[in-house]
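Asker: Input input_19.cif, format and content: mmCIF, C-alpha atoms and all ligand atoms.
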```cif
data_run
loop_
_atom_site.label_atom_id
_atom_site.label_comp_id
_atom_site.auth_asym_id
_atom_site.auth_seq_id
_atom_site.Cartn_x
_atom_site.Cartn_y
_atom_site.Cartn_z
CA MET U 14 94.18 -97.17 65.37
CA ARG U 15 94.77 -97.35 69.09
CA PHE U 16 97.76 -99.45 70.16
CA ASN U 17 99.73 -99.52 73.40
CA TYR U 18 102.60 -97.64 71.84
CA ASN U 19 100.51 -94.65 70.69
CA SER U 20 97.76 -94.43 73.33
CA ALA U 21 99.64 -91.62 75.15
CA GLU U 22 99.34 -89.47 72.00
CA ILE U 23 95.55 -89.68 71.72
CA GLU U 24 94.62 -86.53 73.64
CA GLU U 25 97.27 -84.45 71.90
CA PHE U 26 96.04 -85.66 68.51
CA ARG U 27 92.42 -85.06 69.47
CA LYS U 28 93.23 -81.41 70.22
CA PHE U 29 95.09 -81.11 66.92
CA ALA U 30 92.10 -82.58 65.02
CA GLU U 31 89.69 -80.22 66.81
CA SER U 32 91.87 -77.25 65.89
CA LEU U 33 91.31 -78.28 62.25
CA ASP U 34 87.58 -78.76 62.82
CA LEU U 35 87.89 -82.51 62.20
CA THR U 36 86.01 -85.20 64.08
CA PHE U 37 88.43 -87.52 65.82
CA THR U 38 87.84 -91.02 67.17
CA THR U 39 89.95 -94.12 67.72
CA PHE U 40 89.55 -97.82 67.02
CA PRO U 41 91.34 -100.61 68.81
CA GLY U 42 94.27 -102.17 66.93
CA PHE U 43 94.92 -105.85 67.52
CA ALA U 44 98.49 -106.36 66.42
CA GLU U 45 101.43 -105.35 68.58
CA PRO U 46 103.70 -103.36 66.30
CA GLU U 47 105.93 -102.17 69.18
CA LYS U 48 107.15 -105.75 69.61
CA GLY U 49 108.86 -105.92 66.27
CA THR U 50 108.63 -105.28 62.57
CA ILE U 51 105.60 -106.78 61.01
CA VAL U 52 106.34 -108.38 57.67
CA HIS U 53 103.17 -108.77 55.75
CA PRO U 54 103.05 -111.60 53.21
CA PHE U 55 101.55 -109.32 50.56
CA ASP U 56 104.04 -106.48 50.93
CA LYS U 57 105.93 -105.73 47.72
CA LYS U 58 103.98 -108.48 45.96
CA GLU U 59 100.88 -108.56 43.87
CA VAL U 60 97.55 -109.68 45.19
CA ILE U 61 96.84 -112.82 43.23
CA VAL U 62 93.22 -113.68 42.69
CA THR U 63 92.66 -117.31 41.73
CA PRO U 64 89.47 -119.33 41.36
CA ASN U 65 90.37 -121.09 44.62
CA ASN U 66 90.63 -117.99 46.77
CA LEU U 67 88.00 -115.90 45.02
CA ARG U 68 85.10 -114.85 47.21
CA ASN U 69 81.84 -113.33 46.19
CA ARG U 70 83.00 -109.85 47.13
CA ASN U 71 83.40 -107.42 44.31
CA PHE U 72 81.96 -104.08 43.30
CA LEU U 73 78.43 -105.53 43.27
CA ASN U 74 78.88 -106.90 46.77
CA PRO U 75 81.23 -104.47 48.47
CA CYS U 76 82.58 -104.54 51.98
CA THR U 77 81.03 -102.10 54.45
CA LEU U 78 84.48 -100.98 55.57
CA LEU U 79 84.80 -99.05 52.32
CA PHE U 80 82.00 -96.73 53.33
CA ASP U 81 82.76 -95.52 56.81
CA SER U 82 86.39 -94.53 56.78
CA ILE U 83 89.31 -93.71 54.51
CA PRO U 84 92.71 -94.59 55.99
CA ILE U 85 95.29 -91.88 55.26
CA ASP U 86 98.90 -91.87 56.45
CA CYS U 87 100.96 -88.84 57.52
CA LYS U 88 102.12 -88.30 53.91
CA GLY U 89 98.58 -88.19 52.57
CA ASN U 90 98.61 -91.69 51.06
CA VAL U 91 95.25 -93.41 51.01
CA TYR U 92 95.03 -97.13 51.82
CA LEU U 93 92.40 -99.71 51.09
CA CYS U 94 90.76 -100.11 54.49
CA CYS U 95 91.39 -99.96 58.21
CA ASP U 96 91.49 -103.74 58.44
CA GLU U 97 94.67 -103.93 56.39
CA GLY U 98 97.98 -102.25 57.17
CA ASN U 99 99.69 -99.36 55.45
CA TYR U 100 101.54 -101.62 53.03
CA ASN U 101 102.48 -100.75 49.49
CA ILE U 102 100.15 -103.30 48.04
CA TYR U 103 97.17 -101.56 49.66
CA LYS U 104 98.21 -98.04 48.70
CA ILE U 105 95.49 -96.41 46.60
CA GLY U 106 97.14 -93.10 45.75
CA ASN U 107 97.55 -89.69 47.31
CA PHE U 108 94.52 -88.05 48.90
CA LEU U 109 95.32 -84.60 47.49
CA GLU U 110 95.65 -85.89 43.92
CA MET U 111 92.32 -87.69 43.65
CA ASP U 112 88.72 -86.69 44.06
CA PHE U 113 86.37 -88.70 46.24
CA SER U 114 84.95 -90.74 43.35
CA GLU U 115 88.38 -91.83 42.19
CA ILE U 116 89.42 -92.84 45.70
CA MET U 117 86.29 -94.91 46.13
CA LEU U 118 86.48 -96.50 42.70
CA ARG U 119 90.10 -97.53 43.26
CA ARG U 120 89.23 -99.04 46.64
CA LEU U 121 86.14 -100.72 45.27
CA PHE U 122 88.18 -102.51 42.61
CA HIS U 123 91.10 -103.50 44.78
CA PRO U 124 91.78 -107.21 44.23
CA GLN U 125 92.36 -107.85 47.93
CA CYS U 126 88.64 -107.46 48.57
CA ARG U 127 87.96 -110.31 46.19
CA ILE U 128 89.93 -112.76 48.30
CA CYS U 129 89.43 -111.22 51.75
CA ASN U 130 87.55 -113.23 54.36
CA LYS U 131 87.44 -110.50 56.98
CA ALA U 132 84.23 -108.94 55.82
CA GLU U 133 82.40 -112.21 56.50
CA ARG U 134 83.53 -112.49 60.11
CA THR U 135 80.63 -112.75 62.47
CA LYS U 136 79.45 -110.56 65.29
CA ASN U 137 81.13 -112.45 68.08
CA GLU U 138 84.62 -111.77 66.73
CA LYS U 139 86.59 -109.17 68.57
CA TYR U 140 86.75 -106.37 65.99
CA ASP U 141 83.06 -106.31 65.25
CA ASP U 142 82.90 -102.96 67.08
CA PHE U 143 83.64 -101.01 63.93
CA ARG U 144 81.41 -102.94 61.59
CA ARG U 145 77.87 -102.11 60.70
CA PRO U 146 75.21 -103.72 58.52
CA PHE U 147 75.17 -102.86 54.85
CA LYS U 148 72.72 -100.02 54.15
CA THR U 149 70.69 -99.35 51.04
CA ASP U 150 72.20 -95.87 51.05
CA ASP U 151 75.55 -97.52 50.21
CA ILE U 152 74.12 -98.60 46.86
CA SER U 153 73.15 -95.06 45.96
CA ARG U 154 76.68 -93.94 46.81
CA ILE U 155 78.17 -96.57 44.53
CA THR U 156 75.81 -95.49 41.79
CA GLN U 157 77.02 -91.94 42.29
CA TRP U 158 80.66 -92.95 41.86
CA PHE U 159 79.76 -94.69 38.64
CA GLU U 160 77.49 -91.96 37.37
CA ASN U 161 79.98 -90.32 35.10
CA THR U 162 82.68 -92.91 34.71
CA LEU U 163 82.52 -96.50 33.63
CA TYR U 164 85.17 -98.93 34.70
CA ASN U 165 86.33 -101.52 32.22
CA VAL U 166 86.58 -104.66 34.32
CA ASP U 167 88.43 -106.56 31.59
CA ASN U 168 91.46 -104.33 31.36
CA GLY U 169 91.14 -102.27 34.54
CA THR U 170 90.83 -98.87 32.89
CA PHE U 171 88.34 -96.04 33.09
CA VAL U 172 86.62 -95.56 29.78
CA SER U 173 84.26 -93.24 27.92
CA ASN U 174 81.17 -92.18 29.84
CA VAL U 175 78.90 -93.65 27.13
CA GLU U 176 80.83 -96.50 25.61
CA SER U 177 78.38 -97.85 23.08
CA PHE U 178 77.53 -94.53 21.46
CA ASP U 179 78.31 -94.03 17.76
CA TYR U 180 80.34 -90.82 17.99
CA GLU U 181 80.87 -90.72 14.23
CA ASP U 182 77.18 -91.07 13.24
CA SER U 183 77.20 -88.70 10.27
CA PHE U 184 73.37 -88.64 9.99
CA ARG U 185 72.77 -87.11 13.36
CA ILE U 186 76.02 -85.59 14.47
CA LYS U 187 76.98 -82.21 13.13
CA ARG U 188 80.18 -80.38 13.79
CA VAL U 189 79.28 -77.07 15.44
CA ILE U 190 82.68 -75.64 16.26
CA THR U 191 86.19 -76.76 15.49
CA PHE U 192 88.67 -74.58 17.31
CA THR U 193 91.54 -73.52 15.08
CA PRO U 194 95.10 -73.51 16.45
CA GLU U 195 95.06 -69.69 16.20
CA GLU U 196 91.91 -69.51 18.35
CA PHE U 197 93.50 -71.85 20.84
CA VAL U 198 96.70 -69.85 21.09
CA GLY U 199 94.81 -66.53 21.26
CA GLU U 200 92.22 -65.24 23.74
CA HIS U 201 89.31 -67.33 22.40
CA ILE U 202 90.00 -70.13 24.86
CA GLY U 203 90.75 -69.16 28.46
CA LYS U 204 93.79 -70.79 30.07
CA ARG U 205 95.09 -71.21 33.60
CA ASN U 206 98.20 -72.90 34.92
CA ILE U 207 99.45 -73.28 31.38
CA GLU U 208 102.52 -71.72 29.76
CA GLY U 209 104.74 -72.05 26.69
CA ILE U 210 101.83 -72.33 24.23
CA LYS U 211 103.14 -73.05 20.72
CA GLN U 212 101.44 -73.80 17.46
CA ALA U 213 102.95 -76.43 15.15
CA GLY U 214 100.85 -76.95 12.02
CA GLU U 215 97.32 -77.87 13.12
CA SER U 216 98.42 -78.79 16.64
CA VAL U 217 99.02 -76.78 19.79
CA TYR U 218 101.60 -77.69 22.44
CA PHE U 219 101.71 -76.32 25.96
CA THR U 220 103.15 -77.04 29.37
CA ALA U 221 101.10 -77.50 32.53
CA VAL U 222 102.96 -75.70 35.32
CA ASN U 223 101.14 -77.66 38.02
CA THR U 224 98.69 -80.54 38.30
CA ASP U 225 95.66 -78.40 37.50
CA PRO U 226 95.85 -77.08 33.91
CA ILE U 227 92.54 -75.49 32.85
CA LEU U 228 90.97 -74.54 29.51
CA ILE U 229 87.70 -72.54 29.39
CA LEU U 230 85.73 -72.78 26.15
CA PRO U 231 83.56 -69.94 24.81
CA GLU U 232 79.85 -70.01 25.65
CA LEU U 233 77.71 -72.29 23.48
CA LEU U 234 74.08 -71.76 22.53
CA LEU U 235 72.15 -74.87 21.57
CA ASP U 236 68.53 -75.61 20.81
CA VAL U 237 66.63 -77.90 23.16
CA GLU U 238 66.37 -80.75 20.66
CA SER U 239 70.12 -81.28 20.70
CA PHE U 240 72.80 -82.34 23.05
CA ILE U 241 76.49 -81.89 22.65
CA ILE U 242 79.52 -84.05 22.41
CA VAL U 243 82.95 -82.63 23.05
CA SER U 244 85.58 -84.44 21.02
CA LEU U 245 89.29 -84.08 21.70
CA ASP U 246 92.33 -85.45 19.88
CA ILE U 247 94.98 -85.13 22.56
CA ALA U 248 98.46 -86.42 23.43
CA VAL U 249 99.87 -86.58 26.97
CA SER U 250 103.28 -87.63 28.19
CA SER U 251 102.02 -89.86 31.01
CA ALA U 252 98.76 -91.54 31.95
CA THR U 253 96.30 -89.23 33.67
CA PHE U 254 92.64 -88.16 33.71
CA ILE U 255 90.98 -85.54 31.57
CA GLN U 256 87.96 -83.88 33.14
CA LEU U 257 85.17 -81.80 31.65
CA PHE U 258 83.26 -79.47 33.96
CA TYR U 259 79.86 -78.01 33.09
CA LYS U 260 77.33 -75.71 34.67
CA THR U 261 73.59 -76.27 34.82
CA ILE U 262 70.67 -73.90 35.41
CA LEU U 263 70.41 -75.15 39.01
CA ASP U 264 74.12 -75.20 39.73
CA GLU U 265 76.23 -72.57 38.06
CA SER U 266 79.53 -73.61 39.53
CA TYR U 267 82.26 -75.93 38.35
CA ASN U 268 82.46 -78.80 40.82
CA GLU U 269 83.22 -82.51 40.89
CA LYS U 270 79.55 -83.44 40.72
CA ASN U 271 79.14 -81.44 37.52
CA SER U 272 81.98 -83.13 35.74
CA ILE U 273 82.94 -86.11 33.62
CA ARG U 274 86.35 -87.74 34.00
CA LEU U 275 87.94 -89.97 31.42
CA ARG U 276 91.16 -91.92 31.54
CA LEU U 277 94.02 -90.80 29.28
CA ASN U 278 96.79 -93.19 28.41
CA SER U 279 100.28 -91.97 27.66
CA GLY U 280 100.48 -90.94 23.97
CA ARG U 281 97.92 -89.71 21.47
CA GLN U 282 94.22 -90.64 21.64
CA HIS U 283 90.71 -89.51 20.85
CA VAL U 284 88.24 -88.96 23.70
CA TYR U 285 84.59 -87.98 23.67
CA PHE U 286 82.53 -86.34 26.39
CA ASN U 287 78.91 -87.20 25.91
CA LEU U 288 76.53 -84.66 27.49
CA GLU U 289 73.41 -86.54 26.50
CA LYS U 290 71.71 -86.50 29.90
CA ILE U 291 73.06 -83.12 30.92
CA LYS U 292 71.58 -79.74 30.15
CA ALA U 293 74.79 -77.77 30.28
CA VAL U 294 74.67 -73.98 30.21
CA GLY U 295 77.37 -71.34 29.88
CA GLN U 296 80.99 -72.17 29.32
CA LEU U 297 82.53 -75.62 29.48
CA ARG U 298 85.80 -76.08 31.28
CA ILE U 299 88.30 -78.78 30.35
CA ASP U 300 91.12 -79.84 32.67
CA PRO U 301 93.26 -81.72 30.13
CA GLY U 302 95.13 -83.71 32.76
CA ALA U 303 96.26 -83.90 36.35
CA VAL U 304 100.01 -84.06 35.78
CA LYS U 305 102.61 -81.39 35.15
CA GLY U 306 104.41 -81.37 31.83
CA MET U 307 103.84 -81.29 28.10
CA TYR U 308 100.43 -81.64 26.45
CA CYS U 309 99.51 -81.53 22.77
CA ILE U 310 96.01 -80.86 21.49
CA HIS U 311 95.52 -81.81 17.85
CA ASN U 312 91.83 -80.99 17.77
CA ILE U 313 88.94 -79.80 19.95
CA GLU U 314 85.53 -80.03 18.42
CA ILE U 315 82.01 -79.39 19.70
CA ARG U 316 79.50 -81.61 17.99
CA ARG U 317 75.74 -81.42 18.14
CA TYR U 318 73.64 -84.57 18.24
CA ASP U 319 70.13 -84.01 16.92
CA THR U 320 67.54 -86.05 18.84
CA ARG U 321 64.79 -85.39 16.28
CA ASP U 322 64.04 -88.19 13.82
CA PRO U 323 66.15 -87.71 10.73
CA ILE U 324 64.19 -86.58 7.65
CA LEU U 325 64.20 -89.49 5.21
S1 LIG U 401 86.88 -106.87 51.98
FE1 LIG U 401 88.68 -107.03 53.34
S2 LIG U 401 90.28 -105.85 52.30
FE2 LIG U 401 88.35 -105.24 51.38
S3 LIG U 401 87.68 -103.43 52.51
FE3 LIG U 401 86.75 -105.21 53.53
S4 LIG U 401 88.14 -105.83 55.16
FE4 LIG U 401 89.27 -104.46 53.76
#
```
For the file at hand, write its structure as structure tokens.
Ligand code: SF4

Answerer:
Amino acid sequence: MRFNYNSAEIEEFRKFAESLDLTFTTFPGFAEPEKGTIVHPFDKKEVIVTPNNLRNRNFLNPCTLLFDSIPIDCKGNVYLCCDEGNYNIYKIGNFLEMDFSEIMLRRLFHPQCRICNKAERTKNEKYDDFRRPFKTDDISRITQWFENTLYNVDNGTFVSNVESFDYEDSFRIKRVITFTPEEFVGEHIGKRNIEGIKQAGESVYFTAVNTDPILILPELLLDVESFIIVSLDIAVSSATFIQLFYKTILDESYNEKNSIRLRLNSGRQHVYFNLEKIKAVGQLRIDPGAVKGMYCIHNIEIRRYDTRDPIL
């Protein structure tokens, strides 16, 4: 944002951005922060959405400002949009700790957008220069963010990728592999960024030494009439995301697009990765969380769901 107080820094910052191969541009700011501390009414408070201030702007009718820019401060914190300041209440999380989908989902569901009137301002208002009409392409991008993760609007959590599926359907679902604690502790399952692996009864404990612990499962061979479900009974010390990466015939790399992320709450829980629409090949990779610290896996199971009609 271009203000009087920082306009002398623009050329220096442009050169810095170019040295990093980043595109750099500026937008006019309309407040005058050099004239005093701005105290925002929402700072350190919650955004309160009431029937009286609610506008028809939610994830089905998003603001175009979500699509064209991501405001990031010098510490890497991401904020809701460039129309709001860098206040705590608009802080989304840290850019380096989230993937693009998570950043966009968190912005999309920010309650401020539900009560904001800025997105409806008309063309003749002064900051129309960084607005653009809503494009149909925006819809496909939203669909992409939702592709592998559903958001539970009622309680604000990310939930299973196929919520309504009967994961315990004993007619169709067969257990293919249950990894024993000995297999987990040994070489059968590859591990990275993990140390202090200990077996206690049927459970395995380990410590993630950074925010990227990785488990690589052995290769699975399945017939074409089946798809697989990966079931985990896992305990974590703080809320995080668990992510399953898969390869396909067309894309044999682990990447964000070829992954499913599920929310983990602090404590023990059961999660299921449903690979119904995915023809996964090779080895699956599981990142059990994105926080350092202690993890406990009570069970990892690969289940096969048979799509053929059951024989009566
Ligand atoms: S609706 Fe308001 S708060 Fe939300 S992104 Fe648009 S301008 Fe920002």

Asker: Report, in Å with one decimal, the straight-line distance from atom CA of U:Arg205 to atom CA of U:Gly280.

Answerer: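 Taking atom CA of U:Arg205 as the start and atom CA of U:Gly280 as the end point, the length is 22.6 Å.
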
Asker: Per residue of chain U within 9 Å of ligand LIG 401 (chain U), which atom pair is closest and at what distance in Å (one decimal), using only C-alpha atoms and all ligand atoms, listed by chain and increasing number, as CSV?

Answerer:
```
residue,atom,partner,partner_atom,distance
U:Arg70,CA,U:LIG401,S1,6.9
U:Asn71,CA,U:LIG401,S1,8.4
U:Pro75,CA,U:LIG401,S1,7.1
U:Cys76,CA,U:LIG401,FE3,4.5
U:Thr77,CA,U:LIG401,FE3,6.6
U:Leu78,CA,U:LIG401,S3,5.1
U:Leu79,CA,U:LIG401,S3,5.2
U:Phe80,CA,U:LIG401,S3,8.8
U:Leu93,CA,U:LIG401,S3,6.2
U:Cys94,CA,U:LIG401,FE4,4.7
U:Cys95,CA,U:LIG401,FE4,6.7
U:Asp96,CA,U:LIG401,S4,5.1
U:Glu97,CA,U:LIG401,FE4,6.0
U:Tyr103,CA,U:LIG401,S2,8.5
U:Arg120,CA,U:LIG401,S3,7.5
U:Leu121,CA,U:LIG401,S3,7.9
U:His123,CA,U:LIG401,FE2,7.4
U:Pro124,CA,U:LIG401,FE2,8.2
U:Gln125,CA,U:LIG401,S2,5.2
U:Cys126,CA,U:LIG401,FE2,3.6
U:Arg127,CA,U:LIG401,S1,6.8
U:Ile128,CA,U:LIG401,S1,7.6
U:Cys129,CA,U:LIG401,FE1,4.5
U:Asn130,CA,U:LIG401,FE1,6.4
U:Lys131,CA,U:LIG401,S4,5.1
U:Ala132,CA,U:LIG401,S4,5.0
U:Glu133,CA,U:LIG401,S1,8.3
```

Asker: Atom CA of U:Lys305 and atom CA of U:Ser244, how far apart in Å?

Answerer: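 Computing it gives 22.3 Å between the two atoms.
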
Asker: For a cutoff of 10 Å around the file-coordinate point (81.2, -75.6, 36.2), which residues qualify once you count all atoms listed in the file? I'd like the result as a PyMOL selection string.

Answerer: chain U and resi 229+257-261+264-272+293-299

Asker: Please provide the set of residues having any atom within 9 Å of U:Gly302, restricted to only C-alpha atoms, with same-chain residues fewer than 3 positions apart removed, written as a list in words.

Answerer: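 My list of contacting residues is Ala221, Thr224, Asp225, Pro226, Ile227, Val249, Ala252, Thr253, Phe254, Ile255, Gln256, Leu277, Ile299, Lys305 and Tyr308 of chain U.
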
Asker: Output the selection as an mmCIF file, in the frame of the given file - C-alpha atoms for each residue.

Answerer:
```cif
data_model
loop_
_atom_site.group_PDB
_atom_site.id
_atom_site.type_symbol
_atom_site.label_atom_id
_atom_site.label_comp_id
_atom_site.auth_asym_id
_atom_site.auth_seq_id
_atom_site.Cartn_x
_atom_site.Cartn_y
_atom_site.Cartn_z
ATOM 1 C CA ALA U 221 101.100 -77.500 32.530
ATOM 2 C CA THR U 224 98.690 -80.540 38.300
ATOM 3 C CA ASP U 225 95.660 -78.400 37.500
ATOM 4 C CA PRO U 226 95.850 -77.080 33.910
ATOM 5 C CA ILE U 227 92.540 -75.490 32.850
ATOM 6 C CA VAL U 249 99.870 -86.580 26.970
ATOM 7 C CA ALA U 252 98.760 -91.540 31.950
ATOM 8 C CA THR U 253 96.300 -89.230 33.670
ATOM 9 C CA PHE U 254 92.640 -88.160 33.710
ATOM 10 C CA ILE U 255 90.980 -85.540 31.570
ATOM 11 C CA GLN U 256 87.960 -83.880 33.140
ATOM 12 C CA LEU U 277 94.020 -90.800 29.280
ATOM 13 C CA ILE U 299 88.300 -78.780 30.350
ATOM 14 C CA LYS U 305 102.610 -81.390 35.150
ATOM 15 C CA TYR U 308 100.430 -81.640 26.450
#
```

Asker: Measure the distance from atom CA of U:Glu215 to atom CA of U:Pro301 in Å and round it to one decimal.

Answerer: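 According to the coordinates, atom CA of U:Glu215 and atom CA of U:Pro301 are separated by 17.9 Å.
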
Asker: Go through U:Ile242, U:Leu118, U:Ile202, U:Leu228 and flag the residue nearest U:Asp300, using all atoms listed in the file for the distances.

Answerer: U:Leu228
